Structure formats: structure tokens, C-alpha cells
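Shown next: target04.cif, given as mmCIF, N, CA and C atoms.
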data_coords
loop_
_atom_site.label_atom_id
_atom_site.label_comp_id
_atom_site.auth_asym_id
_atom_site.auth_seq_id
_atom_site.Cartn_x
_atom_site.Cartn_y
_atom_site.Cartn_z
N MET N 1 74.14 118.24 51.91
CA MET N 1 73.04 117.66 51.14
C MET N 1 72.09 116.90 52.07
N MET N 2 72.68 116.08 52.97
CA MET N 2 71.88 115.28 53.88
C MET N 2 71.10 116.17 54.85
N ALA N 3 71.72 117.29 55.26
CA ALA N 3 71.06 118.21 56.18
C ALA N 3 69.82 118.81 55.53
N ASN N 4 69.88 119.12 54.23
CA ASN N 4 68.72 119.66 53.53
C ASN N 4 67.57 118.66 53.49
N LYS N 5 67.89 117.40 53.26
CA LYS N 5 66.84 116.36 53.22
C LYS N 5 66.20 116.19 54.58
N GLU N 6 67.03 116.17 55.63
CA GLU N 6 66.49 116.05 56.98
C GLU N 6 65.63 117.26 57.33
N MET N 7 66.08 118.45 56.91
CA MET N 7 65.33 119.68 57.17
C MET N 7 63.98 119.64 56.45
N ASN N 8 63.98 119.19 55.20
CA ASN N 8 62.73 119.08 54.45
C ASN N 8 61.78 118.08 55.11
N ASN N 9 62.30 116.94 55.55
CA ASN N 9 61.46 115.95 56.23
C ASN N 9 60.88 116.52 57.52
N LEU N 10 61.69 117.27 58.26
CA LEU N 10 61.22 117.89 59.49
C LEU N 10 60.12 118.91 59.20
N LEU N 11 60.32 119.73 58.17
CA LEU N 11 59.30 120.71 57.78
C LEU N 11 58.01 120.02 57.33
N ASP N 12 58.14 118.93 56.58
CA ASP N 12 56.96 118.16 56.16
C ASP N 12 56.20 117.65 57.38
N ASP N 13 56.93 117.11 58.35
CA ASP N 13 56.29 116.60 59.56
C ASP N 13 55.57 117.71 60.31
N ILE N 14 56.20 118.88 60.40
CA ILE N 14 55.59 120.02 61.09
C ILE N 14 54.32 120.47 60.36
N MET N 15 54.38 120.52 59.02
CA MET N 15 53.20 120.93 58.24
C MET N 15 52.07 119.92 58.39
N ILE N 16 52.39 118.64 58.35
CA ILE N 16 51.35 117.61 58.50
C ILE N 16 50.72 117.70 59.88
N GLU N 17 51.54 117.90 60.90
CA GLU N 17 51.01 118.02 62.26
C GLU N 17 50.13 119.26 62.38
N HIS N 18 50.56 120.37 61.78
CA HIS N 18 49.78 121.61 61.82
C HIS N 18 48.42 121.40 61.14
N ILE N 19 48.44 120.77 59.98
CA ILE N 19 47.18 120.52 59.25
C ILE N 19 46.28 119.59 60.05
N ALA N 20 46.86 118.54 60.62
CA ALA N 20 46.06 117.58 61.38
C ALA N 20 45.44 118.21 62.62
N ASN N 21 46.12 119.18 63.21
CA ASN N 21 45.61 119.81 64.44
C ASN N 21 44.79 121.07 64.18
N SER N 22 44.68 121.50 62.94
CA SER N 22 43.93 122.70 62.61
C SER N 22 42.44 122.42 62.64
N PRO N 23 41.66 123.41 63.08
CA PRO N 23 40.20 123.25 63.02
C PRO N 23 39.75 123.15 61.56
N ILE N 24 38.72 122.39 61.31
CA ILE N 24 38.22 122.20 59.95
C ILE N 24 37.79 123.52 59.33
N SER N 25 37.18 124.37 60.13
CA SER N 25 36.72 125.66 59.58
C SER N 25 37.89 126.48 59.05
N GLU N 26 39.03 126.41 59.75
CA GLU N 26 40.23 127.13 59.30
C GLU N 26 40.74 126.57 57.98
N LEU N 27 40.76 125.25 57.86
CA LEU N 27 41.23 124.61 56.62
C LEU N 27 40.31 124.93 55.45
N ILE N 28 39.00 124.94 55.71
CA ILE N 28 38.04 125.25 54.65
C ILE N 28 38.25 126.69 54.16
N ALA N 29 38.42 127.61 55.11
CA ALA N 29 38.61 129.01 54.74
C ALA N 29 39.93 129.20 54.02
N GLU N 30 41.00 128.58 54.51
CA GLU N 30 42.33 128.76 53.93
C GLU N 30 42.40 128.22 52.51
N HIS N 31 41.75 127.10 52.24
CA HIS N 31 41.84 126.48 50.92
C HIS N 31 40.60 126.72 50.06
N LYS N 32 39.69 127.52 50.58
CA LYS N 32 38.47 127.89 49.86
C LYS N 32 37.72 126.65 49.34
N LEU N 33 37.52 125.74 50.26
CA LEU N 33 36.83 124.49 49.91
C LEU N 33 35.34 124.62 50.18
N THR N 34 34.56 123.95 49.35
CA THR N 34 33.12 123.90 49.60
C THR N 34 32.83 122.61 50.36
N SER N 35 31.69 122.58 50.98
CA SER N 35 31.32 121.38 51.74
C SER N 35 31.17 120.18 50.80
N ASN N 36 30.74 120.45 49.56
CA ASN N 36 30.60 119.37 48.58
C ASN N 36 31.97 118.76 48.26
N GLU N 37 33.00 119.62 48.08
CA GLU N 37 34.34 119.12 47.79
C GLU N 37 34.88 118.28 48.95
N ILE N 38 34.58 118.72 50.15
CA ILE N 38 35.01 117.96 51.34
C ILE N 38 34.31 116.61 51.38
N ASN N 39 33.02 116.62 51.12
CA ASN N 39 32.26 115.36 51.14
C ASN N 39 32.76 114.39 50.08
N VAL N 40 33.08 114.90 48.89
CA VAL N 40 33.60 114.05 47.81
C VAL N 40 34.95 113.47 48.20
N ALA N 41 35.83 114.31 48.74
CA ALA N 41 37.16 113.84 49.15
C ALA N 41 37.04 112.80 50.26
N GLN N 42 36.14 113.05 51.20
CA GLN N 42 35.93 112.11 52.30
C GLN N 42 35.39 110.77 51.77
N ALA N 43 34.45 110.84 50.85
CA ALA N 43 33.88 109.62 50.28
C ALA N 43 34.95 108.82 49.53
N ARG N 44 35.79 109.52 48.76
CA ARG N 44 36.88 108.84 48.04
C ARG N 44 37.83 108.16 49.01
N PHE N 45 38.18 108.88 50.05
CA PHE N 45 39.10 108.33 51.04
C PHE N 45 38.51 107.09 51.71
N LEU N 46 37.27 107.19 52.16
CA LEU N 46 36.63 106.05 52.82
C LEU N 46 36.48 104.86 51.87
N HIS N 47 36.17 105.14 50.61
CA HIS N 47 36.07 104.08 49.61
C HIS N 47 37.42 103.38 49.44
N HIS N 48 38.50 104.16 49.38
CA HIS N 48 39.84 103.59 49.22
C HIS N 48 40.21 102.74 50.45
N VAL N 49 39.89 103.23 51.63
CA VAL N 49 40.16 102.47 52.86
C VAL N 49 39.40 101.14 52.84
N LYS N 50 38.14 101.20 52.43
CA LYS N 50 37.31 99.99 52.36
C LYS N 50 37.90 98.99 51.37
N GLU N 51 38.34 99.46 50.21
CA GLU N 51 38.96 98.58 49.21
C GLU N 51 40.22 97.93 49.76
N CYS N 52 41.03 98.71 50.46
CA CYS N 52 42.27 98.18 51.04
C CYS N 52 41.96 97.11 52.08
N LYS N 53 40.96 97.36 52.91
CA LYS N 53 40.58 96.37 53.92
C LYS N 53 40.09 95.08 53.28
N GLN N 54 39.28 95.20 52.22
CA GLN N 54 38.77 94.01 51.53
C GLN N 54 39.91 93.24 50.88
N HIS N 55 40.84 93.95 50.26
CA HIS N 55 41.99 93.30 49.64
C HIS N 55 42.81 92.55 50.69
N TYR N 56 43.03 93.17 51.82
CA TYR N 56 43.79 92.55 52.91
C TYR N 56 43.07 91.30 53.43
N LYS N 57 41.77 91.39 53.62
CA LYS N 57 41.00 90.23 54.10
C LYS N 57 41.05 89.08 53.10
N LYS N 58 40.93 89.40 51.81
CA LYS N 58 40.99 88.36 50.78
C LYS N 58 42.36 87.70 50.75
N ALA N 59 43.41 88.50 50.90
CA ALA N 59 44.77 87.95 50.90
C ALA N 59 44.97 87.04 52.10
N ARG N 60 44.47 87.44 53.26
CA ARG N 60 44.59 86.60 54.46
C ARG N 60 43.81 85.30 54.28
N LEU N 61 42.62 85.39 53.71
CA LEU N 61 41.81 84.21 53.47
C LEU N 61 42.49 83.26 52.49
N THR N 62 43.04 83.80 51.43
CA THR N 62 43.76 82.98 50.44
C THR N 62 44.95 82.28 51.09
N GLU N 63 45.67 83.02 51.91
CA GLU N 63 46.83 82.43 52.61
C GLU N 63 46.39 81.32 53.57
N ALA N 64 45.31 81.56 54.29
CA ALA N 64 44.80 80.55 55.23
C ALA N 64 44.34 79.30 54.49
N ARG N 65 43.68 79.49 53.35
CA ARG N 65 43.22 78.34 52.55
C ARG N 65 44.41 77.53 52.04
N ALA N 66 45.45 78.22 51.60
CA ALA N 66 46.65 77.53 51.11
C ALA N 66 47.29 76.72 52.23
N LYS N 67 47.36 77.29 53.41
CA LYS N 67 47.94 76.57 54.56
C LYS N 67 47.09 75.35 54.92
N LEU N 68 45.77 75.52 54.87
CA LEU N 68 44.87 74.41 55.16
C LEU N 68 45.05 73.28 54.16
N GLU N 69 45.13 73.63 52.89
CA GLU N 69 45.33 72.62 51.85
C GLU N 69 46.67 71.90 52.03
N ALA N 70 47.70 72.63 52.42
CA ALA N 70 49.01 72.01 52.65
C ALA N 70 48.92 71.02 53.81
N GLU N 71 48.19 71.39 54.86
CA GLU N 71 48.03 70.49 56.00
C GLU N 71 47.22 69.26 55.60
N LYS N 72 46.17 69.45 54.79
CA LYS N 72 45.37 68.31 54.32
C LYS N 72 46.23 67.35 53.51
N LYS N 73 47.10 67.90 52.65
CA LYS N 73 47.96 67.06 51.82
C LYS N 73 48.93 66.26 52.69
N LYS N 74 49.42 66.88 53.75
CA LYS N 74 50.31 66.15 54.66
C LYS N 74 49.62 64.90 55.19
N HIS N 75 48.35 65.05 55.54
CA HIS N 75 47.60 63.93 56.10
C HIS N 75 47.25 62.89 55.04
N GLU N 76 47.08 63.32 53.80
CA GLU N 76 46.72 62.40 52.73
C GLU N 76 47.88 61.51 52.32
N ILE N 77 49.10 62.02 52.39
CA ILE N 77 50.24 61.27 51.87
C ILE N 77 50.92 60.40 52.93
N VAL N 78 50.37 60.36 54.13
CA VAL N 78 50.97 59.55 55.19
C VAL N 78 50.76 58.07 54.89
N ASP N 79 51.85 57.32 54.93
CA ASP N 79 51.80 55.88 54.67
C ASP N 79 51.92 55.14 56.00
N VAL N 80 50.79 55.02 56.70
CA VAL N 80 50.78 54.37 58.01
C VAL N 80 51.15 52.90 57.89
N ALA N 81 50.59 52.24 56.90
CA ALA N 81 50.86 50.81 56.72
C ALA N 81 52.36 50.59 56.50
N GLY N 82 52.98 51.43 55.69
CA GLY N 82 54.41 51.32 55.44
C GLY N 82 55.22 51.55 56.70
N TYR N 83 54.81 52.54 57.48
CA TYR N 83 55.51 52.84 58.73
C TYR N 83 55.40 51.66 59.70
N LEU N 84 54.18 51.14 59.85
CA LEU N 84 53.97 50.02 60.77
C LEU N 84 54.72 48.78 60.31
N ALA N 85 54.73 48.53 59.00
CA ALA N 85 55.46 47.38 58.47
C ALA N 85 56.96 47.52 58.74
N LYS N 86 57.47 48.72 58.56
CA LYS N 86 58.89 48.97 58.81
C LYS N 86 59.23 48.76 60.29
N LYS N 87 58.32 49.17 61.17
CA LYS N 87 58.53 49.01 62.61
C LYS N 87 58.28 47.58 63.07
N GLY N 88 57.46 46.84 62.30
CA GLY N 88 57.11 45.48 62.69
C GLY N 88 56.15 45.45 63.87
N LYS N 89 55.34 46.48 64.00
CA LYS N 89 54.39 46.59 65.11
C LYS N 89 53.06 47.09 64.58
N ASP N 90 52.02 46.91 65.40
CA ASP N 90 50.75 47.51 65.02
C ASP N 90 50.64 48.90 65.66
N ALA N 91 49.62 49.64 65.28
CA ALA N 91 49.49 51.04 65.70
C ALA N 91 49.36 51.16 67.22
N LYS N 92 48.62 50.25 67.84
CA LYS N 92 48.45 50.30 69.30
C LYS N 92 49.80 50.14 70.00
N GLU N 93 50.62 49.22 69.51
CA GLU N 93 51.95 49.02 70.10
C GLU N 93 52.82 50.27 69.95
N VAL N 94 52.74 50.90 68.80
CA VAL N 94 53.52 52.12 68.57
C VAL N 94 53.07 53.22 69.53
N LEU N 95 51.77 53.37 69.71
CA LEU N 95 51.25 54.40 70.61
C LEU N 95 51.67 54.12 72.06
N ILE N 96 51.60 52.87 72.46
CA ILE N 96 52.01 52.51 73.82
C ILE N 96 53.50 52.80 74.01
N GLU N 97 54.29 52.45 73.01
CA GLU N 97 55.74 52.70 73.07
C GLU N 97 56.03 54.20 73.18
N LEU N 98 55.35 55.00 72.38
CA LEU N 98 55.55 56.45 72.44
C LEU N 98 55.11 57.02 73.78
N LEU N 99 54.03 56.48 74.32
CA LEU N 99 53.54 56.92 75.62
C LEU N 99 54.54 56.58 76.72
N MET N 100 55.08 55.39 76.67
CA MET N 100 56.05 54.94 77.68
C MET N 100 57.35 55.76 77.59
N GLN N 101 57.74 56.13 76.39
CA GLN N 101 58.96 56.91 76.19
C GLN N 101 58.72 58.41 76.36
N GLN N 102 57.48 58.78 76.66
CA GLN N 102 57.06 60.18 76.83
C GLN N 102 57.43 61.03 75.61
N LYS N 103 57.18 60.47 74.43
CA LYS N 103 57.47 61.17 73.18
C LYS N 103 56.23 61.80 72.56
N LEU N 104 55.10 61.65 73.23
CA LEU N 104 53.88 62.27 72.71
C LEU N 104 53.85 63.74 73.13
N PRO N 105 53.27 64.61 72.31
CA PRO N 105 53.20 66.03 72.67
C PRO N 105 52.45 66.22 73.99
N GLU N 106 52.87 67.22 74.76
CA GLU N 106 52.23 67.49 76.04
C GLU N 106 50.75 67.82 75.90
N ASN N 107 50.40 68.50 74.83
CA ASN N 107 49.02 68.93 74.66
C ASN N 107 48.14 67.88 73.99
N LEU N 108 48.69 66.70 73.70
CA LEU N 108 47.90 65.64 73.07
C LEU N 108 47.04 64.95 74.12
N THR N 109 45.77 64.83 73.83
CA THR N 109 44.87 64.13 74.74
C THR N 109 44.15 63.05 73.95
N LEU N 110 44.00 61.92 74.57
CA LEU N 110 43.22 60.83 73.98
C LEU N 110 41.97 60.68 74.83
N ALA N 111 40.83 60.85 74.22
CA ALA N 111 39.57 60.82 74.96
C ALA N 111 39.24 59.41 75.41
N PHE N 112 38.65 59.31 76.59
CA PHE N 112 38.15 58.02 77.03
C PHE N 112 36.95 57.67 76.18
N ARG N 113 36.80 56.41 75.89
CA ARG N 113 35.78 55.98 74.94
C ARG N 113 34.51 55.49 75.64
N GLU N 114 34.40 55.70 76.93
CA GLU N 114 33.21 55.33 77.70
C GLU N 114 32.78 53.90 77.43
N GLY N 115 33.69 52.97 77.63
CA GLY N 115 33.37 51.56 77.48
C GLY N 115 33.46 51.04 76.07
N LYS N 116 33.66 51.91 75.10
CA LYS N 116 33.78 51.46 73.71
C LYS N 116 35.19 50.98 73.46
N GLU N 117 35.28 50.00 72.57
CA GLU N 117 36.59 49.43 72.23
C GLU N 117 37.42 50.42 71.43
N PHE N 118 38.70 50.44 71.73
CA PHE N 118 39.68 51.26 70.98
C PHE N 118 40.09 50.42 69.78
N LYS N 119 39.57 50.77 68.61
CA LYS N 119 39.75 49.96 67.42
C LYS N 119 41.10 50.23 66.75
N ASP N 120 41.51 49.27 65.92
CA ASP N 120 42.76 49.42 65.17
C ASP N 120 42.70 50.64 64.24
N GLU N 121 41.52 50.89 63.66
CA GLU N 121 41.38 52.04 62.77
C GLU N 121 41.63 53.35 63.52
N ASP N 122 41.16 53.39 64.77
CA ASP N 122 41.39 54.59 65.59
C ASP N 122 42.88 54.78 65.84
N ALA N 123 43.55 53.71 66.21
CA ALA N 123 44.99 53.77 66.48
C ALA N 123 45.76 54.14 65.22
N ASN N 124 45.37 53.56 64.09
CA ASN N 124 46.03 53.89 62.81
C ASN N 124 45.87 55.38 62.48
N GLN N 125 44.67 55.92 62.73
CA GLN N 125 44.43 57.34 62.44
C GLN N 125 45.26 58.23 63.35
N ILE N 126 45.41 57.85 64.60
CA ILE N 126 46.22 58.64 65.53
C ILE N 126 47.68 58.61 65.09
N VAL N 127 48.17 57.43 64.70
CA VAL N 127 49.56 57.33 64.22
C VAL N 127 49.73 58.17 62.95
N ALA N 128 48.75 58.11 62.04
CA ALA N 128 48.82 58.92 60.81
C ALA N 128 48.88 60.40 61.14
N ASN N 129 48.07 60.84 62.09
CA ASN N 129 48.08 62.25 62.50
C ASN N 129 49.42 62.63 63.12
N LEU N 130 49.99 61.75 63.94
CA LEU N 130 51.27 62.03 64.57
C LEU N 130 52.39 62.12 63.53
N ILE N 131 52.32 61.28 62.51
CA ILE N 131 53.32 61.35 61.42
C ILE N 131 53.15 62.66 60.67
N ALA N 132 51.90 63.01 60.33
CA ALA N 132 51.64 64.24 59.59
C ALA N 132 52.05 65.48 60.38
N MET N 133 51.90 65.44 61.71
CA MET N 133 52.28 66.57 62.56
C MET N 133 53.79 66.63 62.78
N GLY N 134 54.49 65.57 62.41
CA GLY N 134 55.94 65.57 62.60
C GLY N 134 56.38 65.03 63.94
N VAL N 135 55.45 64.52 64.74
CA VAL N 135 55.80 63.95 66.04
C VAL N 135 56.56 62.64 65.83
N ILE N 136 56.07 61.86 64.88
CA ILE N 136 56.75 60.61 64.50
C ILE N 136 57.45 60.87 63.18
N GLU N 137 58.75 60.67 63.17
CA GLU N 137 59.50 60.85 61.93
C GLU N 137 59.52 59.53 61.17
N PHE N 138 59.16 59.62 59.89
CA PHE N 138 59.13 58.42 59.07
C PHE N 138 59.60 58.77 57.69
N ASP N 139 60.69 58.14 57.31
CA ASP N 139 61.23 58.33 55.98
C ASP N 139 60.85 57.08 55.17
N ASP N 140 59.94 57.26 54.20
CA ASP N 140 59.45 56.10 53.44
C ASP N 140 60.39 55.68 52.32
N LYS N 141 61.57 56.29 52.25
CA LYS N 141 62.55 55.88 51.24
C LYS N 141 63.30 54.67 51.76
N ASP N 142 63.85 53.92 50.83
CA ASP N 142 64.63 52.76 51.25
C ASP N 142 65.88 53.18 51.97
N ASP N 143 66.22 52.46 53.05
CA ASP N 143 67.42 52.78 53.84
C ASP N 143 68.67 52.30 53.12
#
Represent the structure contained in this file as C-alpha cells.
Amino acid sequence: MMANKEMNNLLDDIMIEHIANSPISELIAEHKLTSNEINVAQARFLHHVKECKQHYKKARLTEARAKLEAEKKKHEIVDVAGYLAKKGKDAKEVLIELLMQQKLPENLTLAFREGKEFKDEDANQIVANLIAMGVIEFDDKDD
């Protein structure tokens, strides 16, 4: 039984390869096709391919939007004040501690501020981003 199925699959593959490698004029003559029928079939095929591509692009876009929203929510729910209160430090101290312990990601860069003061709000935002990224673990539940 299995040999028959394998034989049929092999014959199908041979037929598909033969058709794919046949000159168009031979296929037209063999199947008595008109140029109009070929054009209609080609148009249907191209239309179907276009629809599939659009569906795929929309699905990818929807997935990307969902991931973006999930990342935004991570950043919205970060409780920096709670984290800092639990640590008993301000954001600048936490950043210095992480820097000294080499716990910051290798690809993290902090831009020089060209003489501008590094404000507490800036430090708080960096700590919030590090918590949201999972670099700093913070469990806001009671211990």
C-alpha cells in the first residue's frame, strides 16, 4: 500500500516537472487552450498571489503592533518610585551602583549632556526603562 502511494507521489512529481519544463506552445497545443484562457488563468493566479501577499503583510503589521503595545504597557506599569523606596536610594545612586557592579547591558549607552545637568527625572526614566527591559528585577509585591 505504501509503495503505491510513494509511486503516485513520484509520478506526480515527474508530471509537474514535465509540465513546468514544457514549452508554452506545446502546452497550448496539447490542451487546446486559447490565448484568452491563458490570460484569464494568469490574471487569476496573479490576483491570488497579490491577495496572499497583502494578507501576509497585514498579519505581520498586526503582530508588530501587538508587540509594540505590549512593550508600551511594560513601560507604563513600571513603579519607579516604589522600587526606589524599597531600595532606599535615589535613581542616580541605583545607576551608579549598577554601573560599578557591571550589571548594565553592554549595548547600553548614556549620552554626554554637553554641560547640561543630569536631572533626577532623567535618572528615573533610565531606571524605569531598565526595569521594563528586565535588566533590573523588581517585584512590587510585599515580601
Apply DSSP to the structure's backbone, then extract all residues of chain N labelled helix (DSSP H, G or I) and return them as a PyMOL selection string.
-> chain N and resi 2-21+24-31+35-76+80-87+91-100+120-133
Exercise: region 79-93 of chain N partners within 6 Å, all atoms listed in the file, chain neighbours under 2 positions left out, as a VMD selection string = chain N and resid 77 95 to 98 123 to 124 128
What is the distance between atom N of Phe138 (chain N) and CA of Glu121 (chain N), in Å to one decimal?
->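 Separation between atom N of Phe138 (chain N) and CA of Glu121 (chain N): 19.5 Å.
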What is the distance between atom N of Asn129 (chain N) and CA of Lys74 (chain N), in Å to one decimal?
->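 Value for the atom N of Asn129 (chain N)-CA of Lys74 (chain N) distance: 9.4 Å.
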Can you complete the atoms of region 20-31 of chain N to all heavy atoms and list them as a PDB file, in the coordinates of the input?
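As written to disk, selection_35.pdb reads:
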ATOM      1  N   ALA N  20      46.860 118.540  60.620  1.00  0.00           N
ATOM      2  CA  ALA N  20      46.060 117.580  61.380  1.00  0.00           C
ATOM      3  C   ALA N  20      45.440 118.210  62.620  1.00  0.00           C
ATOM      4  O   ALA N  20      44.340 117.820  63.035  1.00  0.00           O
ATOM      5  CB  ALA N  20      46.929 116.386  61.775  1.00  0.00           C
ATOM      6  N   ASN N  21      46.120 119.180  63.210  1.00  0.00           N
ATOM      7  CA  ASN N  21      45.610 119.810  64.440  1.00  0.00           C
ATOM      8  C   ASN N  21      44.790 121.070  64.180  1.00  0.00           C
ATOM      9  O   ASN N  21      44.268 121.671  65.118  1.00  0.00           O
ATOM     10  CB  ASN N  21      46.785 120.151  65.377  1.00  0.00           C
ATOM     11  CG  ASN N  21      47.441 118.898  65.925  1.00  0.00           C
ATOM     12  OD1 ASN N  21      46.771 117.905  66.190  1.00  0.00           O
ATOM     13  ND2 ASN N  21      48.754 118.936  66.087  1.00  0.00           N
ATOM     14  N   SER N  22      44.680 121.500  62.940  1.00  0.00           N
ATOM     15  CA  SER N  22      43.930 122.700  62.610  1.00  0.00           C
ATOM     16  C   SER N  22      42.440 122.420  62.640  1.00  0.00           C
ATOM     17  O   SER N  22      41.989 121.335  62.245  1.00  0.00           O
ATOM     18  CB  SER N  22      44.300 123.202  61.209  1.00  0.00           C
ATOM     19  OG  SER N  22      45.641 123.571  61.157  1.00  0.00           O
ATOM     20  N   PRO N  23      41.660 123.410  63.080  1.00  0.00           N
ATOM     21  CA  PRO N  23      40.200 123.250  63.020  1.00  0.00           C
ATOM     22  C   PRO N  23      39.750 123.150  61.560  1.00  0.00           C
ATOM     23  O   PRO N  23      40.325 123.776  60.667  1.00  0.00           O
ATOM     24  CB  PRO N  23      39.655 124.516  63.675  1.00  0.00           C
ATOM     25  CG  PRO N  23      40.819 125.171  64.340  1.00  0.00           C
ATOM     26  CD  PRO N  23      42.053 124.662  63.701  1.00  0.00           C
ATOM     27  N   ILE N  24      38.720 122.390  61.310  1.00  0.00           N
ATOM     28  CA  ILE N  24      38.220 122.200  59.950  1.00  0.00           C
ATOM     29  C   ILE N  24      37.790 123.520  59.330  1.00  0.00           C
ATOM     30  O   ILE N  24      38.047 123.778  58.155  1.00  0.00           O
ATOM     31  CB  ILE N  24      37.063 121.169  59.936  1.00  0.00           C
ATOM     32  CG1 ILE N  24      37.600 119.792  60.309  1.00  0.00           C
ATOM     33  CG2 ILE N  24      36.375 121.124  58.587  1.00  0.00           C
ATOM     34  CD1 ILE N  24      36.584 118.705  60.401  1.00  0.00           C
ATOM     35  N   SER N  25      37.180 124.370  60.130  1.00  0.00           N
ATOM     36  CA  SER N  25      36.720 125.660  59.580  1.00  0.00           C
ATOM     37  C   SER N  25      37.890 126.480  59.050  1.00  0.00           C
ATOM     38  O   SER N  25      37.784 127.156  58.019  1.00  0.00           O
ATOM     39  CB  SER N  25      35.950 126.446  60.640  1.00  0.00           C
ATOM     40  OG  SER N  25      36.782 126.673  61.773  1.00  0.00           O
ATOM     41  N   GLU N  26      39.030 126.410  59.750  1.00  0.00           N
ATOM     42  CA  GLU N  26      40.230 127.130  59.300  1.00  0.00           C
ATOM     43  C   GLU N  26      40.740 126.570  57.980  1.00  0.00           C
ATOM     44  O   GLU N  26      41.129 127.315  57.077  1.00  0.00           O
ATOM     45  CB  GLU N  26      41.316 127.035  60.370  1.00  0.00           C
ATOM     46  CG  GLU N  26      42.579 127.812  60.065  1.00  0.00           C
ATOM     47  CD  GLU N  26      43.620 127.653  61.164  1.00  0.00           C
ATOM     48  OE1 GLU N  26      43.249 127.762  62.354  1.00  0.00           O
ATOM     49  OE2 GLU N  26      44.793 127.412  60.814  1.00  0.00           O
ATOM     50  N   LEU N  27      40.760 125.250  57.860  1.00  0.00           N
ATOM     51  CA  LEU N  27      41.230 124.610  56.620  1.00  0.00           C
ATOM     52  C   LEU N  27      40.310 124.930  55.450  1.00  0.00           C
ATOM     53  O   LEU N  27      40.765 125.190  54.334  1.00  0.00           O
ATOM     54  CB  LEU N  27      41.334 123.092  56.810  1.00  0.00           C
ATOM     55  CG  LEU N  27      42.399 122.609  57.793  1.00  0.00           C
ATOM     56  CD1 LEU N  27      42.262 121.110  58.022  1.00  0.00           C
ATOM     57  CD2 LEU N  27      43.782 122.959  57.275  1.00  0.00           C
ATOM     58  N   ILE N  28      39.000 124.940  55.710  1.00  0.00           N
ATOM     59  CA  ILE N  28      38.040 125.250  54.650  1.00  0.00           C
ATOM     60  C   ILE N  28      38.250 126.690  54.160  1.00  0.00           C
ATOM     61  O   ILE N  28      38.288 126.946  52.959  1.00  0.00           O
ATOM     62  CB  ILE N  28      36.581 125.055  55.154  1.00  0.00           C
ATOM     63  CG1 ILE N  28      36.314 123.559  55.383  1.00  0.00           C
ATOM     64  CG2 ILE N  28      35.572 125.645  54.183  1.00  0.00           C
ATOM     65  CD1 ILE N  28      34.992 123.262  56.045  1.00  0.00           C
ATOM     66  N   ALA N  29      38.420 127.610  55.110  1.00  0.00           N
ATOM     67  CA  ALA N  29      38.610 129.010  54.740  1.00  0.00           C
ATOM     68  C   ALA N  29      39.930 129.200  54.020  1.00  0.00           C
ATOM     69  O   ALA N  29      40.001 129.926  53.015  1.00  0.00           O
ATOM     70  CB  ALA N  29      38.562 129.888  55.989  1.00  0.00           C
ATOM     71  N   GLU N  30      41.000 128.580  54.510  1.00  0.00           N
ATOM     72  CA  GLU N  30      42.330 128.760  53.930  1.00  0.00           C
ATOM     73  C   GLU N  30      42.400 128.220  52.510  1.00  0.00           C
ATOM     74  O   GLU N  30      43.040 128.804  51.635  1.00  0.00           O
ATOM     75  CB  GLU N  30      43.366 128.055  54.811  1.00  0.00           C
ATOM     76  CG  GLU N  30      44.800 128.266  54.374  1.00  0.00           C
ATOM     77  CD  GLU N  30      45.793 127.615  55.325  1.00  0.00           C
ATOM     78  OE1 GLU N  30      45.494 127.500  56.525  1.00  0.00           O
ATOM     79  OE2 GLU N  30      46.860 127.203  54.845  1.00  0.00           O
ATOM     80  N   HIS N  31      41.750 127.100  52.240  1.00  0.00           N
ATOM     81  CA  HIS N  31      41.840 126.480  50.920  1.00  0.00           C
ATOM     82  C   HIS N  31      40.600 126.720  50.060  1.00  0.00           C
ATOM     83  O   HIS N  31      40.479 126.164  48.969  1.00  0.00           O
ATOM     84  CB  HIS N  31      42.092 124.969  51.077  1.00  0.00           C
ATOM     85  CG  HIS N  31      43.415 124.656  51.716  1.00  0.00           C
ATOM     86  ND1 HIS N  31      44.592 124.743  51.035  1.00  0.00           N
ATOM     87  CD2 HIS N  31      43.735 124.296  52.979  1.00  0.00           C
ATOM     88  CE1 HIS N  31      45.598 124.426  51.841  1.00  0.00           C
ATOM     89  NE2 HIS N  31      45.104 124.165  53.038  1.00  0.00           N
TER      90      HIS N  31
END
